[in-house]
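Q: File run_4.txt below, compact mmCIF, C-alpha atoms:
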```txt
# COMPACT_ATOMS: atom_id res chain seq x y z
CA MET A 1 66.36 99.25 0.39
CA GLY A 2 67.74 97.96 -2.89
CA TYR A 3 66.08 95.51 -5.24
CA PRO A 4 63.96 93.00 -3.25
CA GLN A 5 65.55 89.58 -2.83
CA ALA A 6 63.75 86.25 -2.65
CA GLY A 7 63.96 84.59 0.74
CA ILE A 8 64.77 87.91 2.44
CA HIS A 9 62.12 90.40 1.38
CA TYR A 10 59.46 87.99 0.11
CA PRO A 11 58.78 84.24 0.28
CA ARG A 12 60.15 82.07 -2.53
CA SER A 13 57.39 79.47 -2.49
CA THR A 14 54.13 78.40 -0.91
CA GLY A 15 56.13 76.56 1.74
CA ASP A 16 58.00 79.75 2.59
CA PHE A 17 54.72 81.66 2.66
CA HIS A 18 53.19 79.36 5.28
CA ALA A 19 56.40 79.42 7.34
CA TRP A 20 56.64 83.22 7.24
CA PHE A 21 53.03 84.12 8.05
CA PRO A 22 51.51 81.58 10.47
CA THR A 23 49.93 84.26 12.69
CA ASP A 24 48.12 87.56 12.30
CA ALA A 25 50.93 89.23 14.25
CA ASP A 26 53.50 88.08 11.67
CA CYS A 27 51.36 89.53 8.89
CA LEU A 28 51.01 92.84 10.72
CA ASP A 29 54.77 93.05 11.27
CA TYR A 30 55.39 92.47 7.55
CA LEU A 31 52.94 95.24 6.64
CA GLU A 32 54.71 97.54 9.11
CA TRP A 33 58.06 96.79 7.46
CA LEU A 34 56.61 97.35 3.98
CA ARG A 35 55.03 100.65 4.95
CA TRP A 36 57.87 102.00 7.07
CA PRO A 37 61.06 100.11 6.13
CA ASP A 38 63.22 102.73 7.87
CA GLY A 39 60.99 103.22 10.88
CA PHE A 40 57.70 104.95 11.66
CA VAL A 41 56.71 107.98 9.57
CA CYS A 42 53.60 109.86 10.63
CA PRO A 43 51.00 109.65 7.83
CA ASP A 44 49.50 112.97 8.96
CA CYS A 45 52.48 115.32 9.37
CA GLY A 46 55.37 113.28 7.95
CA HIS A 47 57.37 113.38 11.18
CA VAL A 48 59.89 110.53 11.40
CA ASP A 49 59.87 109.98 15.14
CA GLY A 50 57.30 108.29 17.35
CA TRP A 51 56.73 105.37 19.69
CA ARG A 52 54.55 102.30 19.90
CA MET A 53 51.57 102.44 22.27
CA GLY A 54 50.29 99.61 24.41
CA ASP A 55 47.46 98.91 21.95
CA GLY A 56 49.91 98.44 19.07
CA ARG A 57 49.33 101.83 17.49
CA PHE A 58 52.03 104.46 16.99
CA LYS A 59 52.02 107.96 18.44
CA CYS A 60 53.75 110.71 16.48
CA ALA A 61 56.33 112.72 18.40
CA GLY A 62 55.44 115.76 16.32
CA CYS A 63 51.67 116.13 16.01
CA ARG A 64 50.89 113.59 18.77
CA ARG A 65 48.34 111.81 16.61
CA ARG A 66 47.93 108.06 16.84
CA SER A 67 48.01 105.80 13.84
CA SER A 68 47.91 102.06 13.21
CA VAL A 69 49.89 100.15 10.60
CA THR A 70 46.79 99.50 8.51
CA ALA A 71 45.20 102.95 8.85
CA GLY A 72 44.99 104.78 5.53
CA THR A 73 45.79 101.64 3.53
CA ILE A 74 43.69 99.12 1.66
CA PHE A 75 43.41 97.21 4.97
CA ASP A 76 41.96 100.18 6.85
CA ARG A 77 39.15 99.16 9.27
CA THR A 78 39.19 95.63 7.95
CA ARG A 79 37.33 93.06 10.00
CA THR A 80 38.99 90.22 8.10
CA PRO A 81 42.01 88.63 9.84
CA LEU A 82 45.34 89.44 8.20
CA THR A 83 46.16 85.75 7.78
CA VAL A 84 43.12 85.53 5.50
CA TRP A 85 44.10 88.74 3.68
CA PHE A 86 47.62 87.44 3.09
CA THR A 87 46.36 84.09 1.80
CA VAL A 88 44.01 85.88 -0.60
CA CYS A 89 46.91 88.08 -1.76
CA TRP A 90 49.11 85.01 -2.26
CA HIS A 91 46.50 83.24 -4.40
CA PHE A 92 45.69 86.46 -6.28
CA ALA A 93 49.35 87.09 -7.13
CA THR A 94 50.74 83.59 -7.65
CA ALA A 95 47.94 81.68 -9.40
CA LYS A 96 48.60 81.76 -13.13
CA ASN A 97 44.99 82.58 -14.00
CA GLY A 98 44.02 84.28 -10.77
CA VAL A 99 41.25 83.18 -8.45
CA SER A 100 37.51 83.72 -8.28
CA ALA A 101 35.53 85.01 -5.31
CA LEU A 102 33.50 81.79 -5.16
CA SER A 103 36.67 79.71 -4.94
CA LEU A 104 37.99 81.85 -2.06
CA LYS A 105 34.67 81.68 -0.25
CA ARG A 106 34.78 77.89 -0.33
CA THR A 107 38.41 77.33 0.59
CA LEU A 108 38.89 80.03 3.27
CA GLU A 109 35.63 79.54 5.18
CA ILE A 110 34.32 82.95 4.21
CA GLY A 111 30.63 82.98 5.05
CA SER A 112 29.66 85.70 2.58
CA TYR A 113 30.32 85.76 -1.15
CA GLN A 114 30.27 89.57 -0.99
CA THR A 115 33.19 89.57 1.44
CA ALA A 116 35.39 87.49 -0.87
CA TRP A 117 34.25 89.52 -3.87
CA ALA A 118 35.07 92.83 -2.15
CA MET A 119 38.51 91.61 -1.07
CA LEU A 120 39.44 90.73 -4.65
CA HIS A 121 38.09 94.01 -5.98
CA ARG A 122 40.12 95.94 -3.44
CA LEU A 123 43.23 94.16 -4.67
CA ARG A 124 42.28 94.89 -8.29
CA SER A 125 42.01 98.56 -7.39
CA VAL A 126 45.67 98.71 -6.28
CA VAL A 127 47.43 96.92 -9.16
CA VAL A 128 47.52 100.04 -11.33
CA ARG A 129 50.36 102.31 -10.23
CA PRO A 130 49.46 106.00 -10.72
CA ASP A 131 52.95 106.68 -12.09
CA ARG A 132 53.23 103.64 -14.36
CA GLU A 133 55.11 104.10 -17.62
CA ARG A 134 53.19 104.38 -20.88
CA LEU A 135 53.77 101.96 -23.74
CA THR A 136 56.68 102.74 -26.05
CA GLY A 137 58.17 101.67 -29.38
CA ARG A 138 55.75 100.11 -31.87
CA VAL A 139 52.26 99.81 -30.41
CA GLU A 140 49.20 98.19 -31.96
CA VAL A 141 45.86 99.78 -30.99
CA ASP A 142 42.39 98.40 -31.67
CA GLU A 143 38.97 97.89 -30.09
CA THR A 144 36.88 94.84 -29.29
CA TYR A 145 33.67 93.97 -27.49
CA VAL A 146 33.76 92.13 -24.16
CA ASP A 147 30.59 90.82 -22.58
CA GLY A 148 29.44 89.08 -19.42
CA LEU A 149 27.23 89.43 -16.38
CA GLU A 150 27.84 89.23 -12.67
CA PRO A 151 24.81 87.73 -10.89
CA GLY A 152 24.10 88.25 -7.21
CA LEU A 153 25.46 91.80 -6.92
CA ALA A 154 23.97 95.22 -7.47
CA GLY A 155 24.32 96.19 -11.10
CA GLY A 156 21.58 94.31 -12.81
CA ARG A 157 21.17 91.12 -14.80
CA ALA A 158 21.47 92.58 -18.27
CA LYS A 159 22.27 89.43 -20.21
CA GLY A 160 24.22 89.74 -23.39
CA ARG A 161 25.46 93.27 -22.77
CA LYS A 162 28.78 94.01 -24.42
CA THR A 163 31.29 96.67 -23.51
CA LEU A 164 33.46 98.38 -26.09
CA THR A 165 37.06 97.98 -24.97
CA GLY A 166 40.26 99.61 -26.20
CA ILE A 167 43.46 97.56 -26.37
CA ALA A 168 47.04 98.74 -26.84
CA VAL A 169 49.91 96.25 -27.14
CA GLU A 170 53.65 96.77 -27.55
CA VAL A 171 55.18 94.89 -30.49
CA ARG A 172 58.73 93.72 -29.92
CA GLU A 173 61.32 93.47 -32.69
CA PRO A 174 62.03 91.17 -34.42
CA ARG A 175 59.11 89.28 -32.85
CA GLY A 176 57.17 89.01 -29.64
CA ILE A 177 54.71 90.97 -27.52
CA GLY A 178 55.54 93.41 -24.76
CA ARG A 179 53.18 95.08 -22.32
CA CYS A 180 49.48 95.74 -22.83
CA ARG A 181 46.85 98.22 -21.67
CA MET A 182 43.07 97.67 -21.76
CA SER A 183 40.21 99.99 -20.87
CA PRO A 184 36.45 100.30 -21.58
CA LEU A 185 35.54 102.95 -24.14
CA ALA A 186 32.45 105.12 -24.29
CA ASP A 187 32.30 105.11 -28.10
CA LEU A 188 34.40 105.00 -31.26
CA SER A 189 34.72 108.74 -31.70
CA ALA A 190 38.06 110.40 -32.35
CA ASP A 191 37.95 112.17 -28.97
CA THR A 192 37.55 108.87 -27.10
CA LEU A 193 40.15 106.97 -29.12
CA HIS A 194 42.68 109.80 -28.96
CA ALA A 195 42.21 110.04 -25.18
CA PHE A 196 42.81 106.29 -24.83
CA VAL A 197 46.03 106.50 -26.87
CA LEU A 198 47.28 109.57 -24.99
CA GLU A 199 46.67 107.91 -21.64
CA ASN A 200 48.39 104.64 -22.50
CA VAL A 201 50.99 105.29 -25.22
CA ASP A 202 54.04 107.51 -24.89
CA PRO A 203 54.24 110.33 -27.49
CA GLY A 204 56.86 109.55 -30.10
CA ALA A 205 55.80 105.91 -30.35
CA THR A 206 54.64 104.37 -33.62
CA VAL A 207 50.91 103.63 -33.30
CA ILE A 208 49.61 100.93 -35.64
CA THR A 209 45.84 100.89 -36.19
CA ASP A 210 43.28 99.79 -38.74
CA GLY A 211 41.77 102.30 -41.14
CA TRP A 212 39.00 103.55 -38.85
CA ARG A 213 38.62 107.31 -39.23
CA GLY A 214 38.51 107.81 -35.46
CA TYR A 215 42.29 107.32 -35.40
CA LEU A 216 42.93 110.11 -37.88
CA GLY A 217 44.89 112.94 -36.31
CA LEU A 218 47.17 110.85 -34.09
CA ASP A 219 50.16 112.21 -36.00
CA LYS A 220 49.21 115.71 -34.77
CA LEU A 221 49.41 114.45 -31.16
CA GLY A 222 53.07 113.50 -31.44
CA TYR A 223 52.73 109.91 -32.67
CA VAL A 224 53.93 108.21 -35.81
CA HIS A 225 50.64 106.85 -37.13
CA GLU A 226 50.72 103.72 -39.27
CA PRO A 227 47.17 102.86 -40.42
CA ARG A 228 46.54 99.48 -42.05
CA SER A 229 43.53 99.17 -44.31
CA GLN A 230 41.39 96.06 -43.95
CA ARG A 231 39.78 96.79 -47.31
CA ALA A 232 43.20 96.83 -49.00
CA ALA A 233 44.12 93.58 -47.27
CA ARG A 234 40.97 91.89 -48.60
CA ALA A 235 41.75 93.19 -52.07
CA ARG A 236 45.18 91.53 -51.80
CA GLY A 237 43.56 88.29 -50.71
CA GLU A 238 44.94 88.58 -47.17
CA ASP A 239 43.18 87.96 -43.88
CA PRO A 240 42.25 91.41 -42.46
CA HIS A 241 42.56 90.04 -38.91
CA SER A 242 46.27 89.44 -39.50
CA LEU A 243 46.94 93.18 -39.77
CA LEU A 244 47.03 93.59 -35.96
CA PRO A 245 48.12 90.16 -34.69
CA ALA A 246 49.36 91.26 -31.25
CA VAL A 247 46.13 93.06 -30.34
CA HIS A 248 43.97 90.18 -31.50
CA ARG A 249 46.03 87.66 -29.53
CA VAL A 250 45.81 89.68 -26.32
CA ALA A 251 42.06 90.25 -26.80
CA SER A 252 41.55 86.52 -27.26
CA LEU A 253 43.57 85.72 -24.12
CA ALA A 254 41.62 88.27 -22.07
CA LYS A 255 38.25 86.89 -23.16
CA ARG A 256 39.40 83.33 -22.52
CA TRP A 257 40.59 84.35 -19.03
CA LEU A 258 37.25 85.99 -18.22
CA LEU A 259 35.38 82.89 -19.36
CA GLY A 260 37.74 80.47 -17.63
CA THR A 261 38.49 81.95 -14.22
CA HIS A 262 35.31 83.99 -13.84
CA GLN A 263 32.91 82.00 -16.08
CA GLY A 264 32.17 85.19 -17.99
CA SER A 265 30.36 86.59 -14.94
CA VAL A 266 31.66 90.14 -15.21
CA ALA A 267 29.34 93.14 -15.16
CA ASP A 268 30.23 96.03 -17.43
CA GLU A 269 30.35 98.30 -14.35
CA HIS A 270 33.30 96.26 -13.02
CA LEU A 271 34.93 95.28 -16.28
CA HIS A 272 37.68 97.91 -15.95
CA SER A 273 38.84 96.27 -12.69
CA TYR A 274 39.11 92.85 -14.30
CA LEU A 275 40.94 94.32 -17.29
CA ASN A 276 43.43 95.95 -14.90
CA GLU A 277 44.02 92.59 -13.24
CA PHE A 278 44.50 90.89 -16.61
CA ALA A 279 47.02 93.54 -17.71
CA PHE A 280 48.86 93.20 -14.38
CA ARG A 281 49.19 89.45 -14.92
CA PHE A 282 50.00 89.65 -18.62
CA ASN A 283 52.69 92.29 -18.17
CA ARG A 284 54.41 90.12 -15.54
CA ARG A 285 53.95 86.77 -17.28
CA THR A 286 57.71 86.26 -17.64
CA SER A 287 58.48 86.88 -13.97
CA ARG A 288 60.48 83.97 -12.57
CA SER A 289 59.31 84.55 -9.01
CA ARG A 290 55.66 84.39 -8.02
CA GLY A 291 56.69 85.60 -4.57
CA MET A 292 57.86 88.86 -6.12
CA LEU A 293 54.33 89.47 -7.44
CA PHE A 294 52.96 88.85 -3.96
CA TYR A 295 55.44 91.41 -2.63
CA ARG A 296 54.42 93.96 -5.27
CA VAL A 297 50.70 93.52 -4.57
CA LEU A 298 51.18 94.10 -0.84
CA GLU A 299 53.55 96.99 -1.50
CA LEU A 300 50.89 98.65 -3.62
CA ALA A 301 48.19 97.80 -1.05
CA VAL A 302 49.92 99.58 1.85
CA GLY A 303 50.51 102.61 -0.34
CA HIS A 304 46.90 102.82 -1.55
CA SER A 305 44.16 104.78 0.17
CA PRO A 306 41.21 102.86 1.65
CA VAL A 307 38.53 101.51 -0.68
CA ARG A 308 35.12 101.20 0.98
CA TYR A 309 32.51 98.61 0.13
CA HIS A 310 30.00 101.20 -1.08
CA GLU A 311 32.61 102.44 -3.57
CA LEU A 312 32.93 98.99 -5.11
CA ILE A 313 29.31 98.01 -5.70
CA ALA A 314 27.62 99.12 -8.89
CA ASN A 315 24.69 101.53 -8.67
CA PRO A 316 24.38 101.45 -4.85
CA ASN A 317 20.87 101.82 -3.51
CA PRO A 318 20.78 102.97 0.13
CA GLY A 319 17.50 101.16 0.62
CA SER A 320 18.77 97.85 -0.71
CA ARG A 321 20.38 95.19 1.46
CA SER A 322 22.82 94.40 -1.34
CA ALA A 323 24.29 97.89 -0.94
CA GLU A 324 25.15 97.29 2.71
CA PRO A 325 28.44 95.79 3.92
CA PRO A 326 28.25 92.06 4.72
CA ASN A 327 27.04 91.17 8.20
CA THR A 328 29.06 89.31 10.80
CA ARG A 329 28.32 86.00 9.10
CA GLY A 330 30.68 87.02 6.35
CA ARG A 331 33.71 87.44 8.62
CA PRO A 332 36.10 84.54 8.02
CA PRO A 333 37.95 83.04 10.97
CA SER A 334 41.67 83.68 11.28
CA LEU A 335 43.87 81.10 9.60
CA GLU A 336 46.10 81.19 12.66
CA ARG A 337 45.92 77.69 14.13
CA PRO A 338 47.77 75.68 16.79
CA ARG A 339 49.57 72.63 15.53
CA ALA A 340 47.17 69.70 15.11
CA HIS A 341 49.73 66.97 16.01
CA ARG A 342 48.67 64.49 13.32
CA PRO A 343 45.00 63.93 14.17
CA TRP A 344 44.80 61.12 11.61
CA ARG A 345 46.95 59.01 13.97
CA ARG A 346 44.48 59.21 16.83
CA THR A 347 42.98 55.93 17.98
CA ASP A 348 40.21 57.28 20.23
CA HIS A 349 37.64 57.68 17.48
```
Could the structure of this file be written out as structure tokens, please?

A:
Amino acid sequence: MGYPQAGIHYPRSTGDFHAWFPTDADCLDYLEWLRWPDGFVCPDCGHVDGWRMGDGRFKCAGCRRRSSVTAGTIFDRTRTPLTVWFTVCWHFATAKNGVSALSLKRTLEIGSYQTAWAMLHRLRSVVVRPDRERLTGRVEVDETYVDGLEPGLAGGRAKGRKTLTGIAVEVREPRGIGRCRMSPLADLSADTLHAFVLENVDPGATVITDGWRGYLGLDKLGYVHEPRSQRAARARGEDPHSLLPAVHRVASLAKRWLLGTHQGSVADEHLHSYLNEFAFRFNRRTSRSRGMLFYRVLELAVGHSPVRYHELIANPNPGSRSAEPPNTRGRPPSLERPRAHRPWRRTDH
């Protein structure tokens, strides 16, 4: 398949979305097409021939193993109807500032906050492609502190805790900001900072930093290092914060997003997931089609291995109820509905 086209490979608008996916069966068929666009491929042996069983699963003609469309994906063993999953994905991908778990719980009739929270965290876990390209060109690198707490989930109520976070931002010429990368840091040592730069910036790029000694030695790693001294800027009567304007702008936007969409309720154990979501949104901020982002999220979801609930919660305690998957009360009903035929026009009430 070539480059995805709006109206053919993904819905153009919310109206298209509702027309395309009114039933759970429609959602399952779309996932099947995304996962196997050229026909069934056995996830166990890679054989390209098989047939559909009466229960909807596929049986491989090679190894004879049975597999469902959702098996081995982010939707593996899900008890949540696919119409709900698709609606969550649509809101997650198309809303400018994302969506909170509490908002989803209220609007989609999800009985458990943990269910909505886990769904969003599963989506956050897939937005980082393992083969994504590192930043190139001129890249500003700095650190900041991000704080918050996430009440109601395992992980504690440590108010006021702050997490050291590394930020790398491409600087476009003659002006503008490109892509960004953000990740929590253990400390400000050279080993930690060098590892962050190596993971996120392509060797050969020009790395612009402040004068912190932890950045010394980047030139030996294949980068063109351009340190900017805050002390020298003060001596010149300049604002030291203006030395790395792109990094400071992105850091400000990220903190504002965490406070706005999530009310600052982000535990440090989960901060990396929220930072990945922010980077995913920021790096696609100029996309003209929100439907394309929905397509990309689902494409990544069917290619990602399952993420279990116990892997998501912070500091799981086998003896604690908060470490257990939500009970049946948390299962939302399917959004598949028969047509209501304008109930507001009824006269028998």

Q: Where's the centre, and what are the edge lengths in Å to one decimal, of a box along x, y and z enclosing all listed atoms of segment 198-211 of chain A padded 3 Å per side, as AutoDock Vina command-line options?

A:
```
--center_x 49.3 --center_y 105.1 --center_z -31.4 --size_x 21.1 --size_y 16.5 --size_z 25.5
```

Q: Taking only C-alpha atoms into account, which of A:Thr136, A:Thr78, A:Thr23, A:Thr14 comes nearest Pro338 of chain A?

A: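 Between A:Thr136, A:Thr78, A:Thr23, A:Thr14, the residue approaching Pro338 of chain A most closely is A:Thr23.
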
Q: What does the distance from atom CA of Ala71 of chain A to atom CA of Arg296 of chain A come to in Å, to one decimal?

A: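 We find that atom CA of Ala71 of chain A and atom CA of Arg296 of chain A lie 19.1 Å from each other.
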
Q: May I ask for the distance between atom CA of Leu271 of chain A and atom CA of Leu312 of chain A, given in Å to one decimal place?

A: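 Going from atom CA of Leu271 of chain A over to atom CA of Leu312 of chain A, I get 11.9 Å.
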
Q: With a distance cut-off of 12 Å and only C-alpha atoms, select the neighbouring residues of Ser242 of chain A, excluding the residue or stretch itself and same-chain residues fewer than 5 positions from it, and output the selection as a ChimeraX atom specification.

A: /A:140,209-210,228-230,233-234,237,247-249

Q: Hey, what's within 12 Å of Arg256 of chain A if we count only C-alpha atoms and toss same-chain stuff fewer than 6 positions away? As a compact mmCIF listing (two decimals) with C-alpha atoms, in the coordinates of the input, please?

A:
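As written to disk, out-v5.txt reads:
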```txt
# COMPACT_ATOMS: atom_id res chain seq x y z
CA ASN A 97 44.99 82.58 -14.00
CA VAL A 146 33.76 92.13 -24.16
CA ASP A 147 30.59 90.82 -22.58
CA GLY A 148 29.44 89.08 -19.42
CA ARG A 249 46.03 87.66 -29.53
CA VAL A 250 45.81 89.68 -26.32
CA HIS A 262 35.31 83.99 -13.84
CA GLN A 263 32.91 82.00 -16.08
CA GLY A 264 32.17 85.19 -17.99
CA PHE A 278 44.50 90.89 -16.61
```

Q: With only C-alpha atoms as the basis for distance, which of A:Cys89, A:Leu120, A:Leu135, A:Val207 is at the shortest distance from Leu102 of chain A?

A: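 Nearest to Leu102 of chain A: A:Leu120.
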
Q: Which polymer residues have any atom within 10 Å of an atom of Leu82 of chain A, counting all atoms listed in the file, with same-chain residues fewer than 5 positions away left out, as an mmCIF file with C-alpha atoms, in the frame of the given file?

A:
```cif
data_model
loop_
_atom_site.group_PDB
_atom_site.id
_atom_site.type_symbol
_atom_site.label_atom_id
_atom_site.label_comp_id
_atom_site.auth_asym_id
_atom_site.auth_seq_id
_atom_site.Cartn_x
_atom_site.Cartn_y
_atom_site.Cartn_z
ATOM 1 C CA PHE A 21 53.030 84.120 8.050
ATOM 2 C CA THR A 23 49.930 84.260 12.690
ATOM 3 C CA ASP A 24 48.120 87.560 12.300
ATOM 4 C CA ALA A 25 50.930 89.230 14.250
ATOM 5 C CA ASP A 26 53.500 88.080 11.670
ATOM 6 C CA CYS A 27 51.360 89.530 8.890
ATOM 7 C CA LEU A 28 51.010 92.840 10.720
ATOM 8 C CA LEU A 31 52.940 95.240 6.640
ATOM 9 C CA PHE A 75 43.410 97.210 4.970
ATOM 10 C CA THR A 87 46.360 84.090 1.800
ATOM 11 C CA VAL A 88 44.010 85.880 -0.600
ATOM 12 C CA SER A 334 41.670 83.680 11.280
ATOM 13 C CA LEU A 335 43.870 81.100 9.600
ATOM 14 C CA GLU A 336 46.100 81.190 12.660
#
```

Q: Provide the atom CA of Val99 of chain A to atom CA of Asp16 of chain A distance in Å, to one decimal place.

A: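 Computing it gives 20.4 Å between the two atoms.
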
Q: Start from the incomplete input, build N, CA and C atoms for segment 129-150 of chain A, and deliver everything as a PDB file, in the coordinates of the input.

A:
```pdb
ATOM      1  N   ARG A 129      49.571 101.249 -10.844  1.00  0.00           N
ATOM      2  CA  ARG A 129      50.360 102.310 -10.230  1.00  0.00           C
ATOM      3  C   ARG A 129      50.015 103.653 -10.891  1.00  0.00           C
ATOM      4  N   PRO A 130      49.799 104.697 -10.116  1.00  0.00           N
ATOM      5  CA  PRO A 130      49.460 106.000 -10.720  1.00  0.00           C
ATOM      6  C   PRO A 130      50.574 106.572 -11.586  1.00  0.00           C
ATOM      7  N   ASP A 131      51.818 106.150 -11.332  1.00  0.00           N
ATOM      8  CA  ASP A 131      52.950 106.680 -12.090  1.00  0.00           C
ATOM      9  C   ASP A 131      53.513 105.662 -13.086  1.00  0.00           C
ATOM     10  N   ARG A 132      52.709 104.682 -13.475  1.00  0.00           N
ATOM     11  CA  ARG A 132      53.230 103.640 -14.360  1.00  0.00           C
ATOM     12  C   ARG A 132      53.604 104.222 -15.727  1.00  0.00           C
ATOM     13  N   GLU A 133      54.601 103.611 -16.353  1.00  0.00           N
ATOM     14  CA  GLU A 133      55.110 104.100 -17.620  1.00  0.00           C
ATOM     15  C   GLU A 133      54.135 103.752 -18.752  1.00  0.00           C
ATOM     16  N   ARG A 134      54.014 104.664 -19.697  1.00  0.00           N
ATOM     17  CA  ARG A 134      53.190 104.380 -20.880  1.00  0.00           C
ATOM     18  C   ARG A 134      53.927 103.477 -21.856  1.00  0.00           C
ATOM     19  N   LEU A 135      53.182 102.871 -22.758  1.00  0.00           N
ATOM     20  CA  LEU A 135      53.770 101.960 -23.740  1.00  0.00           C
ATOM     21  C   LEU A 135      54.664 102.736 -24.697  1.00  0.00           C
ATOM     22  N   THR A 136      55.709 102.086 -25.176  1.00  0.00           N
ATOM     23  CA  THR A 136      56.680 102.740 -26.050  1.00  0.00           C
ATOM     24  C   THR A 136      56.973 101.866 -27.269  1.00  0.00           C
ATOM     25  N   GLY A 137      57.761 102.422 -28.200  1.00  0.00           N
ATOM     26  CA  GLY A 137      58.170 101.670 -29.380  1.00  0.00           C
ATOM     27  C   GLY A 137      57.051 101.572 -30.400  1.00  0.00           C
ATOM     28  N   ARG A 138      56.845 100.375 -30.925  1.00  0.00           N
ATOM     29  CA  ARG A 138      55.750 100.110 -31.870  1.00  0.00           C
ATOM     30  C   ARG A 138      54.575  99.538 -31.086  1.00  0.00           C
ATOM     31  N   VAL A 139      53.425 100.178 -31.216  1.00  0.00           N
ATOM     32  CA  VAL A 139      52.260  99.810 -30.410  1.00  0.00           C
ATOM     33  C   VAL A 139      51.048  99.630 -31.314  1.00  0.00           C
ATOM     34  N   GLU A 140      50.442  98.442 -31.246  1.00  0.00           N
ATOM     35  CA  GLU A 140      49.200  98.190 -31.960  1.00  0.00           C
ATOM     36  C   GLU A 140      48.025  98.630 -31.092  1.00  0.00           C
ATOM     37  N   VAL A 141      47.040  99.292 -31.705  1.00  0.00           N
ATOM     38  CA  VAL A 141      45.860  99.780 -30.990  1.00  0.00           C
ATOM     39  C   VAL A 141      44.610  99.366 -31.754  1.00  0.00           C
ATOM     40  N   ASP A 142      43.647  98.815 -31.035  1.00  0.00           N
ATOM     41  CA  ASP A 142      42.390  98.400 -31.670  1.00  0.00           C
ATOM     42  C   ASP A 142      41.293  98.373 -30.600  1.00  0.00           C
ATOM     43  N   GLU A 143      40.091  98.019 -31.008  1.00  0.00           N
ATOM     44  CA  GLU A 143      38.970  97.890 -30.090  1.00  0.00           C
ATOM     45  C   GLU A 143      38.325  96.516 -30.283  1.00  0.00           C
ATOM     46  N   THR A 144      37.643  96.078 -29.225  1.00  0.00           N
ATOM     47  CA  THR A 144      36.880  94.840 -29.290  1.00  0.00           C
ATOM     48  C   THR A 144      35.710  94.959 -28.333  1.00  0.00           C
ATOM     49  N   TYR A 145      34.797  94.003 -28.399  1.00  0.00           N
ATOM     50  CA  TYR A 145      33.670  93.970 -27.490  1.00  0.00           C
ATOM     51  C   TYR A 145      33.842  92.823 -26.496  1.00  0.00           C
ATOM     52  N   VAL A 146      33.679  93.136 -25.223  1.00  0.00           N
ATOM     53  CA  VAL A 146      33.760  92.130 -24.160  1.00  0.00           C
ATOM     54  C   VAL A 146      32.434  92.106 -23.446  1.00  0.00           C
ATOM     55  N   ASP A 147      31.899  90.903 -23.220  1.00  0.00           N
ATOM     56  CA  ASP A 147      30.590  90.820 -22.580  1.00  0.00           C
ATOM     57  C   ASP A 147      30.642  89.899 -21.380  1.00  0.00           C
ATOM     58  N   GLY A 148      29.560  89.913 -20.607  1.00  0.00           N
ATOM     59  CA  GLY A 148      29.440  89.080 -19.420  1.00  0.00           C
ATOM     60  C   GLY A 148      28.464  89.687 -18.450  1.00  0.00           C
ATOM     61  N   LEU A 149      28.101  88.930 -17.411  1.00  0.00           N
ATOM     62  CA  LEU A 149      27.230  89.430 -16.380  1.00  0.00           C
ATOM     63  C   LEU A 149      27.707  88.901 -15.049  1.00  0.00           C
ATOM     64  N   GLU A 150      27.347  89.574 -13.996  1.00  0.00           N
ATOM     65  CA  GLU A 150      27.840  89.230 -12.670  1.00  0.00           C
ATOM     66  C   GLU A 150      26.637  89.093 -11.743  1.00  0.00           C
TER      67      GLU A 150
END
```
